[in-house]
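Trainee: run26.txt is the file, holding compact mmCIF, C-alpha atoms:
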# COMPACT_ATOMS: atom_id res chain seq x y z
CA MET H 1 -162.26 -45.71 17.61
CA ASN H 2 -164.09 -48.99 17.77
CA LEU H 3 -163.57 -51.40 14.92
CA THR H 4 -165.85 -54.20 16.03
CA ILE H 5 -166.69 -56.00 12.79
CA CYS H 6 -168.06 -59.34 11.76
CA PRO H 7 -165.57 -62.10 10.94
CA PHE H 8 -164.47 -62.22 7.33
CA ASP H 9 -161.96 -64.15 5.27
CA TYR H 10 -158.88 -62.17 4.29
CA ALA H 11 -158.35 -64.31 1.21
CA ILE H 12 -161.35 -62.72 -0.46
CA VAL H 13 -159.80 -59.26 -0.72
CA ASN H 14 -156.05 -59.89 -0.52
CA MET H 15 -153.79 -57.96 -2.87
CA GLN H 16 -150.36 -58.96 -4.17
CA ILE H 17 -147.25 -56.84 -3.65
CA GLY H 18 -144.38 -58.60 -5.39
CA PRO H 19 -144.21 -62.14 -4.00
CA TRP H 20 -146.33 -61.25 -0.95
CA TRP H 21 -150.08 -61.18 -0.41
CA ILE H 22 -151.45 -58.58 1.98
CA HIS H 23 -154.89 -57.36 3.00
CA PRO H 24 -155.50 -53.71 1.98
CA TYR H 25 -156.82 -52.94 5.46
CA THR H 26 -153.62 -54.28 7.01
CA LEU H 27 -151.51 -52.27 4.56
CA ARG H 28 -153.28 -49.02 5.48
CA VAL H 29 -152.91 -49.67 9.21
CA MET H 30 -149.23 -50.38 8.64
CA LEU H 31 -148.80 -47.09 6.77
CA GLY H 32 -150.37 -45.23 9.70
CA ALA H 33 -148.12 -47.09 12.12
CA LEU H 34 -145.09 -46.32 9.94
CA GLY H 35 -145.88 -42.61 10.18
CA GLY H 36 -146.08 -43.00 13.95
CA CYS H 37 -142.73 -44.81 14.09
CA ILE H 38 -141.06 -42.07 12.04
CA TRP H 39 -142.41 -39.48 14.47
CA LEU H 40 -141.13 -41.44 17.47
CA TRP H 41 -137.67 -41.88 15.97
CA LEU H 42 -137.36 -38.15 15.25
CA ALA H 43 -139.00 -36.87 18.44
CA ALA H 44 -137.64 -39.25 21.12
CA PRO H 45 -134.42 -37.27 21.86
CA HIS H 46 -136.42 -34.06 22.33
CA TYR H 47 -138.52 -35.74 25.03
CA GLY H 48 -135.53 -37.17 26.88
CA ALA H 49 -136.40 -40.75 25.88
CA SER H 50 -133.75 -43.26 24.85
CA ARG H 51 -134.51 -44.82 21.48
CA SER H 52 -133.32 -48.22 22.68
CA LYS H 53 -135.60 -48.18 25.74
CA LEU H 54 -138.42 -46.77 23.67
CA THR H 55 -138.22 -49.77 21.34
CA GLY H 56 -138.96 -52.15 24.23
CA LEU H 57 -141.83 -49.95 25.38
CA LEU H 58 -143.36 -49.94 21.90
CA TRP H 59 -143.22 -53.74 21.69
CA ALA H 60 -144.94 -53.95 25.07
CA ILE H 61 -147.62 -51.41 24.11
CA SER H 62 -148.25 -53.03 20.73
CA GLY H 63 -148.39 -56.54 22.15
CA CYS H 64 -150.77 -55.64 24.97
CA ALA H 65 -152.96 -53.53 22.68
CA LEU H 66 -153.28 -56.35 20.14
CA LEU H 67 -153.94 -58.99 22.80
CA VAL H 68 -156.56 -56.99 24.70
CA GLY H 69 -158.09 -55.69 21.46
CA ARG H 70 -158.42 -59.22 20.13
CA LEU H 71 -160.02 -60.45 23.36
CA GLY H 72 -162.51 -57.57 23.14
CA TYR H 73 -163.31 -58.48 19.55
CA VAL H 74 -163.81 -62.14 20.43
CA THR H 75 -166.12 -61.11 23.29
CA ASP H 76 -168.17 -58.91 20.97
CA ASN H 77 -168.55 -61.80 18.51
CA LEU H 78 -168.75 -64.57 21.09
CA ALA H 79 -171.56 -66.48 19.36
CA TYR H 80 -169.41 -66.94 16.25
CA PHE H 81 -166.23 -67.85 18.10
CA MET H 82 -168.01 -70.38 20.32
CA GLN H 83 -168.85 -72.25 17.13
CA HIS H 84 -165.35 -71.72 15.65
CA PRO H 85 -162.96 -71.58 18.65
CA LYS H 86 -159.87 -72.23 16.49
CA ASN H 87 -160.41 -68.91 14.75
CA ILE H 88 -159.79 -67.01 18.00
CA VAL H 89 -156.04 -67.20 17.38
CA ARG H 90 -156.24 -67.32 13.57
CA ILE H 91 -156.17 -63.54 13.23
CA TRP H 92 -154.65 -63.84 9.74
CA HIS H 93 -157.80 -65.70 8.62
CA VAL H 94 -160.58 -64.13 10.70
CA GLY H 95 -159.36 -60.64 11.47
CA GLY H 96 -160.68 -58.25 14.04
CA ILE H 97 -159.48 -55.95 16.80
CA GLN H 98 -161.84 -54.10 19.13
CA ALA H 99 -160.10 -50.75 19.13
CA GLY H 100 -161.49 -49.42 22.40
CA TRP H 101 -160.01 -52.39 24.23
CA ALA H 102 -156.79 -52.00 22.25
CA TRP H 103 -156.55 -48.42 23.51
CA SER H 104 -157.11 -49.76 27.03
CA GLY H 105 -154.21 -52.19 26.74
CA GLY H 106 -151.87 -49.60 25.26
CA LEU H 107 -152.74 -46.91 27.82
CA PHE H 108 -152.33 -49.34 30.71
CA VAL H 109 -148.80 -50.28 29.61
CA THR H 110 -147.95 -46.60 29.12
CA TRP H 111 -149.18 -45.74 32.62
CA LEU H 112 -147.34 -48.69 34.18
CA TRP H 113 -144.08 -47.82 32.39
CA ALA H 114 -144.35 -44.19 33.51
CA ARG H 115 -144.78 -45.30 37.14
CA LEU H 116 -141.90 -47.77 37.04
CA THR H 117 -139.48 -45.35 35.38
CA ARG H 118 -140.81 -42.19 37.08
CA PHE H 119 -141.15 -40.63 33.62
CA ARG H 120 -143.63 -37.75 33.59
CA ILE H 121 -146.94 -39.02 32.22
CA THR H 122 -147.57 -35.78 30.33
CA ALA H 123 -144.21 -36.15 28.58
CA ILE H 124 -144.80 -39.76 27.58
CA PHE H 125 -148.29 -38.90 26.34
CA GLY H 126 -146.79 -36.04 24.34
CA LEU H 127 -144.36 -38.45 22.70
CA LEU H 128 -146.67 -41.42 22.13
CA ALA H 129 -149.98 -39.68 21.32
CA PRO H 130 -149.10 -38.71 17.71
CA ALA H 131 -147.95 -42.27 16.96
CA ALA H 132 -151.10 -43.83 18.42
CA LEU H 133 -153.36 -41.36 16.62
CA LEU H 134 -151.60 -41.85 13.27
CA THR H 135 -152.05 -45.60 13.68
CA SER H 136 -155.74 -45.01 14.41
CA ALA H 137 -155.98 -42.86 11.28
CA GLY H 138 -154.55 -45.75 9.25
CA ALA H 139 -157.12 -48.09 10.79
CA TRP H 140 -160.00 -45.77 9.91
CA TRP H 141 -158.61 -45.41 6.39
CA GLY H 142 -158.58 -49.17 6.05
CA CYS H 143 -162.04 -49.43 7.55
CA ALA H 144 -163.44 -47.14 4.87
CA ASP H 145 -162.14 -49.60 2.27
CA VAL H 146 -163.51 -52.85 3.73
CA GLY H 147 -166.74 -51.39 5.15
CA CYS H 148 -166.29 -52.03 8.89
CA ALA H 149 -167.71 -49.52 11.41
CA TRP H 150 -170.22 -48.37 8.80
CA GLY H 151 -172.62 -45.49 9.25
CA HIS H 152 -176.41 -45.35 9.37
CA GLU H 153 -178.23 -44.99 6.07
CA ALA H 154 -179.05 -41.37 5.34
CA LEU H 155 -180.88 -39.34 2.73
CA PRO H 156 -178.61 -37.72 0.14
CA ALA H 157 -177.51 -34.47 1.75
CA SER H 158 -177.29 -31.00 0.25
CA GLY H 159 -175.50 -27.80 1.16
CA TRP H 160 -172.96 -27.86 3.97
CA THR H 161 -174.04 -31.31 5.15
CA ARG H 162 -173.10 -32.95 1.84
CA TRP H 163 -169.65 -33.87 3.12
CA ALA H 164 -171.14 -36.02 5.89
CA VAL H 165 -173.03 -38.45 3.58
CA ILE H 166 -171.44 -40.65 0.91
CA GLU H 167 -172.22 -43.77 -1.10
CA ALA H 168 -170.44 -46.35 1.05
CA PRO H 169 -170.65 -50.09 1.72
CA ASP H 170 -171.27 -51.94 4.94
CA LEU H 171 -169.37 -55.14 5.71
CA TYR H 172 -171.78 -57.05 3.46
CA HIS H 173 -170.95 -54.79 0.46
CA SER H 174 -174.37 -53.14 0.37
CA GLU H 175 -173.69 -49.61 -0.97
CA VAL H 176 -176.23 -46.91 -0.09
CA PRO H 177 -175.99 -43.25 1.01
CA ARG H 178 -174.79 -43.40 4.62
CA TYR H 179 -172.98 -41.22 7.11
CA ALA H 180 -169.26 -41.13 6.32
CA VAL H 181 -168.24 -42.32 9.79
CA GLN H 182 -164.86 -43.71 8.77
CA HIS H 183 -163.86 -40.57 6.86
CA ILE H 184 -164.95 -38.26 9.67
CA ALA H 185 -162.99 -40.38 12.15
CA LEU H 186 -159.95 -40.39 9.84
CA VAL H 187 -159.93 -36.59 9.69
CA TRP H 188 -160.46 -36.37 13.46
CA SER H 189 -157.56 -38.77 14.11
CA LEU H 190 -155.22 -36.75 11.88
CA THR H 191 -156.38 -33.49 13.46
CA MET H 192 -155.66 -34.76 16.96
CA ALA H 193 -152.30 -36.20 15.84
CA LEU H 194 -151.33 -32.79 14.43
CA THR H 195 -152.55 -31.12 17.64
CA ALA H 196 -150.38 -33.44 19.74
CA ILE H 197 -147.35 -32.77 17.53
CA LEU H 198 -147.72 -28.99 17.55
CA LEU H 199 -148.68 -28.56 21.20
CA LYS H 200 -146.17 -31.17 22.43
CA GLN H 201 -146.96 -31.44 26.15
CA LEU H 202 -150.71 -31.61 25.45
CA GLY H 203 -150.62 -35.10 23.97
CA GLY H 204 -152.79 -36.39 26.81
CA LEU H 205 -155.43 -33.78 25.99
CA ALA H 206 -155.35 -34.84 22.32
CA ILE H 207 -156.04 -38.43 23.38
CA VAL H 208 -158.94 -37.29 25.58
CA LEU H 209 -160.46 -35.27 22.73
CA TYR H 210 -160.02 -38.15 20.31
CA LEU H 211 -161.78 -40.60 22.63
CA LEU H 212 -164.64 -38.16 23.24
CA GLY H 213 -165.03 -37.61 19.50
CA ASP H 214 -165.02 -41.35 18.91
CA ALA H 215 -167.75 -41.80 21.53
CA MET H 216 -169.87 -39.14 19.81
CA LEU H 217 -169.44 -40.82 16.41
CA PHE H 218 -171.26 -43.92 17.67
CA LYS H 219 -174.49 -41.93 17.23
CA LEU H 220 -173.91 -42.21 13.47
CA ARG H 221 -172.83 -45.85 13.37
CA ALA H 222 -175.02 -48.78 12.30
CA ASP H 223 -172.75 -51.76 12.96
CA PRO H 224 -174.02 -54.07 15.72
CA ALA H 225 -172.36 -53.93 19.14
CA PRO H 226 -173.02 -55.15 22.70
CA LEU H 227 -175.14 -52.88 24.90
CA VAL H 228 -175.23 -52.23 28.64
CA GLY H 229 -178.23 -50.30 29.93
CA GLY H 230 -179.06 -49.23 26.39
CA TYR H 231 -175.55 -47.83 25.78
CA ARG H 232 -172.84 -49.34 23.62
CA VAL H 233 -170.09 -50.89 25.71
CA ALA H 234 -167.56 -49.20 23.43
CA VAL H 235 -169.02 -45.75 24.20
CA LEU H 236 -168.78 -46.35 27.94
CA LEU H 237 -165.22 -47.57 27.45
CA ASP H 238 -164.26 -44.47 25.45
CA LEU H 239 -165.72 -42.18 28.11
CA GLY H 240 -164.04 -44.11 30.93
CA LEU H 241 -160.65 -44.00 29.21
CA ALA H 242 -161.02 -40.29 28.46
CA LEU H 243 -161.79 -39.60 32.12
CA TRP H 244 -158.84 -41.71 33.28
CA VAL H 245 -156.35 -39.99 30.96
CA TRP H 246 -157.69 -36.59 32.01
CA ILE H 247 -157.21 -37.46 35.69
CA LEU H 248 -153.64 -38.64 35.03
CA VAL H 249 -152.78 -35.42 33.23
CA TRP H 250 -154.50 -33.25 35.86
CA ARG H 251 -152.72 -35.00 38.75
CA ASN H 252 -149.38 -34.65 37.00
CA SER H 253 -149.98 -30.96 36.37
CA ARG H 254 -150.83 -30.39 40.04
CA SER H 255 -147.68 -32.18 41.22
CA LEU H 256 -145.54 -29.77 39.20
CA LYS H 257 -146.97 -26.68 40.91
Would you put the structure from the file into structure tokens?
Mentor:
Amino acid sequence: MNLTICPFDYAIVNMQIGPWWIHPYTLRVMLGALGGCIWLWLAAPHYGASRSKLTGLLWAISGCALLVGRLGYVTDNLAYFMQHPKNIVRIWHVGGIQAGWAWSGGLFVTWLWARLTRFRITAIFGLLAPAALLTSAGAWWGCADVGCAWGHEALPASGWTRWAVIEAPDLYHSEVPRYAVQHIALVWSLTMALTAILLKQLGGLAIVLYLLGDAMLFKLRADPAPLVGGYRVAVLLDLGLALWVWILVWRNSRSLK
């Protein structure tokens, strides 16, 4: 997933829950992350992972993913942040995480931890993949609400293609028939999370398939993004990460033979 969006003010769309104010997008991401945390708490003993050590790993993964994802977002919107440099760290005011870079940060920490602890990479992918994919599902759910990562405009569809086109807004609240990118990605995230849960040791493969599906979805997206050689940087990043994870899983499988 790539959630590169234009800066916006959270105060415009905040909602109140008791004495607290929270952005609906943030709430939906948190619900996805909560589902992931519940999975990790229940599944950790079955993967031979200590819950106490896993807590430290999750903080490291989350911190690196947020930091790298934010840097990617700032890079994608460099013209804006050069004029408003203070907003780089004011994520509560001008939100934005570039999800491809966030995946990069999280996967790097996971790989490093596996090397340092000699924990099998396929096992750690099997444990962490459902949590990461559920969090991604929450992000796509939130994105459908605020209009980020919007799809190209499309003619109203009929027949079996009707599900792929909906009346949806872009980030500027212009509602027209467009490809339901966020909803397709939400279903894909949940499908891959369920695949990782049911197939257990194939969590790495679920991540690879998710990243490949995300890269393909960019064909339907209309939000602006940096290009290299006519290709979106985020697409190249997705493909590179998918290849890297596949190599890690393949090498691990060979070492067990």
Trainee: Return as CSV the residues of region 70-171 of chain H lying at most 8 Å from region 52-65 of chain H, together with the closest atom-to-atom pair for each and the distance in Å to one decimal, counting all atoms listed in the file, with rows in chain order and ascending residue number.
Mentor:
residue,atom,partner,partner_atom,distance
H:Trp101,CA,H:Ala65,CA,7.3
H:Ala102,CA,H:Ala65,CA,4.1
H:Trp103,CA,H:Ala65,CA,6.3
H:Ser104,CA,H:Ala65,CA,7.1
H:Gly105,CA,H:Ala65,CA,4.5
H:Gly106,CA,H:Ile61,CA,4.8
H:Leu107,CA,H:Ile61,CA,7.8
H:Val109,CA,H:Ile61,CA,5.7
H:Thr110,CA,H:Ile61,CA,7.0
H:Trp113,CA,H:Leu57,CA,7.7
Trainee: Work out how far CA of Thr122 (chain H) is from CA of Gly204 (chain H), in Å to one decimal.
Mentor: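 CA of Gly204 (chain H) sits 6.3 Å away from CA of Thr122 (chain H).
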Trainee: Please identify every residue of region 24-94 of chain H that has at least one atom no farther than 8 Å from an atom of region 131-137 of chain H, counting only C-alpha atoms, and for each give the shortest atom pair and the distance in Å to one decimal, arranged by chain then increasing number, as CSV.
Mentor:
residue,atom,partner,partner_atom,distance
H:Val29,CA,H:Thr135,CA,6.1
H:Met30,CA,H:Thr135,CA,7.5
H:Leu31,CA,H:Thr135,CA,7.8
H:Gly32,CA,H:Thr135,CA,4.3
H:Ala33,CA,H:Thr135,CA,4.5
H:Leu34,CA,H:Thr135,CA,7.9
H:Gly35,CA,H:Leu134,CA,6.5
H:Gly36,CA,H:Ala131,CA,3.6
H:Cys37,CA,H:Ala131,CA,6.5
H:Trp39,CA,H:Ala131,CA,6.7
H:Leu40,CA,H:Ala131,CA,6.9
Trainee: Could you save the residues just selected, with C-alpha atoms, as a compact mmCIF listing (two decimals), in the coordinates of the input?
Mentor:
# COMPACT_ATOMS: atom_id res chain seq x y z
CA VAL H 29 -152.91 -49.67 9.21
CA MET H 30 -149.23 -50.38 8.64
CA LEU H 31 -148.80 -47.09 6.77
CA GLY H 32 -150.37 -45.23 9.70
CA ALA H 33 -148.12 -47.09 12.12
CA LEU H 34 -145.09 -46.32 9.94
CA GLY H 35 -145.88 -42.61 10.18
CA GLY H 36 -146.08 -43.00 13.95
CA CYS H 37 -142.73 -44.81 14.09
CA TRP H 39 -142.41 -39.48 14.47
CA LEU H 40 -141.13 -41.44 17.47
Trainee: With all atoms listed in the file as the atoms that count, which of H:Ile97, H:Ile166, H:Ala139, H:Leu202 lies nearest to Val187 (chain H)?
Mentor: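 Checking each candidate against Val187 (chain H), we get H:Ala139 as the closest.
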Trainee: Kindly indicate which residue among H:Ala222, H:Met192, H:Ala43, H:Leu217 lies nearest to Val235 (chain H), using all atoms listed in the file for the distances.
Mentor: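 For Val235 (chain H), the nearest of the candidates is H:Leu217.
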Trainee: Since the input lacks some atoms of region 210-245 of chain H, please model N, CA and C atoms and print them as a PDB file, in the frame of the given file.
Mentor:
ATOM      1  N   TYR H 210    -159.775 -37.106  21.289  1.00  0.00           N
ATOM      2  CA  TYR H 210    -160.020 -38.150  20.310  1.00  0.00           C
ATOM      3  C   TYR H 210    -161.044 -39.158  20.818  1.00  0.00           C
ATOM      4  N   LEU H 211    -160.870 -39.606  22.052  1.00  0.00           N
ATOM      5  CA  LEU H 211    -161.780 -40.600  22.630  1.00  0.00           C
ATOM      6  C   LEU H 211    -163.201 -40.041  22.762  1.00  0.00           C
ATOM      7  N   LEU H 212    -163.318 -38.776  23.151  1.00  0.00           N
ATOM      8  CA  LEU H 212    -164.640 -38.160  23.240  1.00  0.00           C
ATOM      9  C   LEU H 212    -165.292 -38.054  21.864  1.00  0.00           C
ATOM     10  N   GLY H 213    -164.493 -37.673  20.857  1.00  0.00           N
ATOM     11  CA  GLY H 213    -165.030 -37.610  19.500  1.00  0.00           C
ATOM     12  C   GLY H 213    -165.451 -38.971  18.994  1.00  0.00           C
ATOM     13  N   ASP H 214    -164.671 -39.989  19.314  1.00  0.00           N
ATOM     14  CA  ASP H 214    -165.020 -41.350  18.910  1.00  0.00           C
ATOM     15  C   ASP H 214    -166.326 -41.782  19.561  1.00  0.00           C
ATOM     16  N   ALA H 215    -166.510 -41.453  20.834  1.00  0.00           N
ATOM     17  CA  ALA H 215    -167.750 -41.800  21.530  1.00  0.00           C
ATOM     18  C   ALA H 215    -168.947 -41.122  20.861  1.00  0.00           C
ATOM     19  N   MET H 216    -168.775 -39.869  20.458  1.00  0.00           N
ATOM     20  CA  MET H 216    -169.870 -39.140  19.810  1.00  0.00           C
ATOM     21  C   MET H 216    -170.208 -39.753  18.444  1.00  0.00           C
ATOM     22  N   LEU H 217    -169.207 -40.263  17.738  1.00  0.00           N
ATOM     23  CA  LEU H 217    -169.440 -40.820  16.410  1.00  0.00           C
ATOM     24  C   LEU H 217    -170.336 -42.059  16.435  1.00  0.00           C
ATOM     25  N   PHE H 218    -170.419 -42.715  17.592  1.00  0.00           N
ATOM     26  CA  PHE H 218    -171.260 -43.920  17.670  1.00  0.00           C
ATOM     27  C   PHE H 218    -172.719 -43.589  17.403  1.00  0.00           C
ATOM     28  N   LYS H 219    -173.113 -42.334  17.553  1.00  0.00           N
ATOM     29  CA  LYS H 219    -174.490 -41.930  17.230  1.00  0.00           C
ATOM     30  C   LYS H 219    -174.787 -42.137  15.747  1.00  0.00           C
ATOM     31  N   LEU H 220    -173.726 -42.103  14.916  1.00  0.00           N
ATOM     32  CA  LEU H 220    -173.910 -42.210  13.470  1.00  0.00           C
ATOM     33  C   LEU H 220    -173.640 -43.611  12.937  1.00  0.00           C
ATOM     34  N   ARG H 221    -173.228 -44.527  13.827  1.00  0.00           N
ATOM     35  CA  ARG H 221    -172.830 -45.850  13.370  1.00  0.00           C
ATOM     36  C   ARG H 221    -173.983 -46.859  13.401  1.00  0.00           C
ATOM     37  N   ALA H 222    -173.952 -47.791  12.415  1.00  0.00           N
ATOM     38  CA  ALA H 222    -175.020 -48.780  12.300  1.00  0.00           C
ATOM     39  C   ALA H 222    -174.542 -50.194  12.557  1.00  0.00           C
ATOM     40  N   ASP H 223    -173.232 -50.410  12.737  1.00  0.00           N
ATOM     41  CA  ASP H 223    -172.750 -51.760  12.960  1.00  0.00           C
ATOM     42  C   ASP H 223    -173.196 -52.249  14.331  1.00  0.00           C
ATOM     43  N   PRO H 224    -173.538 -53.537  14.443  1.00  0.00           N
ATOM     44  CA  PRO H 224    -174.020 -54.070  15.720  1.00  0.00           C
ATOM     45  C   PRO H 224    -172.931 -54.100  16.769  1.00  0.00           C
ATOM     46  N   ALA H 225    -173.320 -53.918  18.031  1.00  0.00           N
ATOM     47  CA  ALA H 225    -172.360 -53.930  19.140  1.00  0.00           C
ATOM     48  C   ALA H 225    -173.088 -54.250  20.425  1.00  0.00           C
ATOM     49  N   PRO H 226    -172.394 -54.838  21.411  1.00  0.00           N
ATOM     50  CA  PRO H 226    -173.020 -55.150  22.700  1.00  0.00           C
ATOM     51  C   PRO H 226    -173.473 -53.881  23.421  1.00  0.00           C
ATOM     52  N   LEU H 227    -174.578 -54.010  24.163  1.00  0.00           N
ATOM     53  CA  LEU H 227    -175.140 -52.880  24.900  1.00  0.00           C
ATOM     54  C   LEU H 227    -175.174 -53.190  26.392  1.00  0.00           C
ATOM     55  N   VAL H 228    -175.047 -52.155  27.187  1.00  0.00           N
ATOM     56  CA  VAL H 228    -175.230 -52.230  28.640  1.00  0.00           C
ATOM     57  C   VAL H 228    -176.116 -51.054  29.035  1.00  0.00           C
ATOM     58  N   GLY H 229    -177.315 -51.373  29.542  1.00  0.00           N
ATOM     59  CA  GLY H 229    -178.230 -50.300  29.930  1.00  0.00           C
ATOM     60  C   GLY H 229    -178.637 -49.420  28.774  1.00  0.00           C
ATOM     61  N   GLY H 230    -178.669 -49.995  27.557  1.00  0.00           N
ATOM     62  CA  GLY H 230    -179.060 -49.230  26.390  1.00  0.00           C
ATOM     63  C   GLY H 230    -177.910 -48.458  25.756  1.00  0.00           C
ATOM     64  N   TYR H 231    -176.719 -48.526  26.318  1.00  0.00           N
ATOM     65  CA  TYR H 231    -175.550 -47.830  25.780  1.00  0.00           C
ATOM     66  C   TYR H 231    -174.552 -48.841  25.237  1.00  0.00           C
ATOM     67  N   ARG H 232    -173.894 -48.483  24.161  1.00  0.00           N
ATOM     68  CA  ARG H 232    -172.840 -49.340  23.620  1.00  0.00           C
ATOM     69  C   ARG H 232    -171.706 -49.461  24.637  1.00  0.00           C
ATOM     70  N   VAL H 233    -171.219 -50.674  24.804  1.00  0.00           N
ATOM     71  CA  VAL H 233    -170.090 -50.890  25.710  1.00  0.00           C
ATOM     72  C   VAL H 233    -168.898 -50.054  25.262  1.00  0.00           C
ATOM     73  N   ALA H 234    -168.696 -49.950  23.950  1.00  0.00           N
ATOM     74  CA  ALA H 234    -167.560 -49.200  23.430  1.00  0.00           C
ATOM     75  C   ALA H 234    -167.647 -47.716  23.788  1.00  0.00           C
ATOM     76  N   VAL H 235    -168.853 -47.162  23.821  1.00  0.00           N
ATOM     77  CA  VAL H 235    -169.020 -45.750  24.200  1.00  0.00           C
ATOM     78  C   VAL H 235    -168.633 -45.556  25.663  1.00  0.00           C
ATOM     79  N   LEU H 236    -169.115 -46.442  26.519  1.00  0.00           N
ATOM     80  CA  LEU H 236    -168.780 -46.350  27.940  1.00  0.00           C
ATOM     81  C   LEU H 236    -167.271 -46.501  28.140  1.00  0.00           C
ATOM     82  N   LEU H 237    -166.660 -47.379  27.356  1.00  0.00           N
ATOM     83  CA  LEU H 237    -165.220 -47.570  27.450  1.00  0.00           C
ATOM     84  C   LEU H 237    -164.473 -46.322  27.028  1.00  0.00           C
ATOM     85  N   ASP H 238    -164.886 -45.722  25.912  1.00  0.00           N
ATOM     86  CA  ASP H 238    -164.260 -44.470  25.450  1.00  0.00           C
ATOM     87  C   ASP H 238    -164.345 -43.389  26.518  1.00  0.00           C
ATOM     88  N   LEU H 239    -165.527 -43.224  27.102  1.00  0.00           N
ATOM     89  CA  LEU H 239    -165.720 -42.180  28.110  1.00  0.00           C
ATOM     90  C   LEU H 239    -164.896 -42.464  29.357  1.00  0.00           C
ATOM     91  N   GLY H 240    -164.838 -43.750  29.762  1.00  0.00           N
ATOM     92  CA  GLY H 240    -164.040 -44.110  30.930  1.00  0.00           C
ATOM     93  C   GLY H 240    -162.558 -43.864  30.702  1.00  0.00           C
ATOM     94  N   LEU H 241    -162.056 -44.227  29.521  1.00  0.00           N
ATOM     95  CA  LEU H 241    -160.650 -44.000  29.210  1.00  0.00           C
ATOM     96  C   LEU H 241    -160.330 -42.509  29.143  1.00  0.00           C
ATOM     97  N   ALA H 242    -161.234 -41.733  28.541  1.00  0.00           N
ATOM     98  CA  ALA H 242    -161.020 -40.290  28.460  1.00  0.00           C
ATOM     99  C   ALA H 242    -160.930 -39.673  29.858  1.00  0.00           C
ATOM    100  N   LEU H 243    -161.809 -40.110  30.757  1.00  0.00           N
ATOM    101  CA  LEU H 243    -161.790 -39.600  32.120  1.00  0.00           C
ATOM    102  C   LEU H 243    -160.495 -39.991  32.829  1.00  0.00           C
ATOM    103  N   TRP H 244    -160.066 -41.235  32.636  1.00  0.00           N
ATOM    104  CA  TRP H 244    -158.840 -41.710  33.280  1.00  0.00           C
ATOM    105  C   TRP H 244    -157.606 -40.923  32.815  1.00  0.00           C
ATOM    106  N   VAL H 245    -157.487 -40.745  31.495  1.00  0.00           N
ATOM    107  CA  VAL H 245    -156.350 -39.990  30.960  1.00  0.00           C
ATOM    108  C   VAL H 245    -156.383 -38.552  31.462  1.00  0.00           C
TER     109      VAL H 245
END
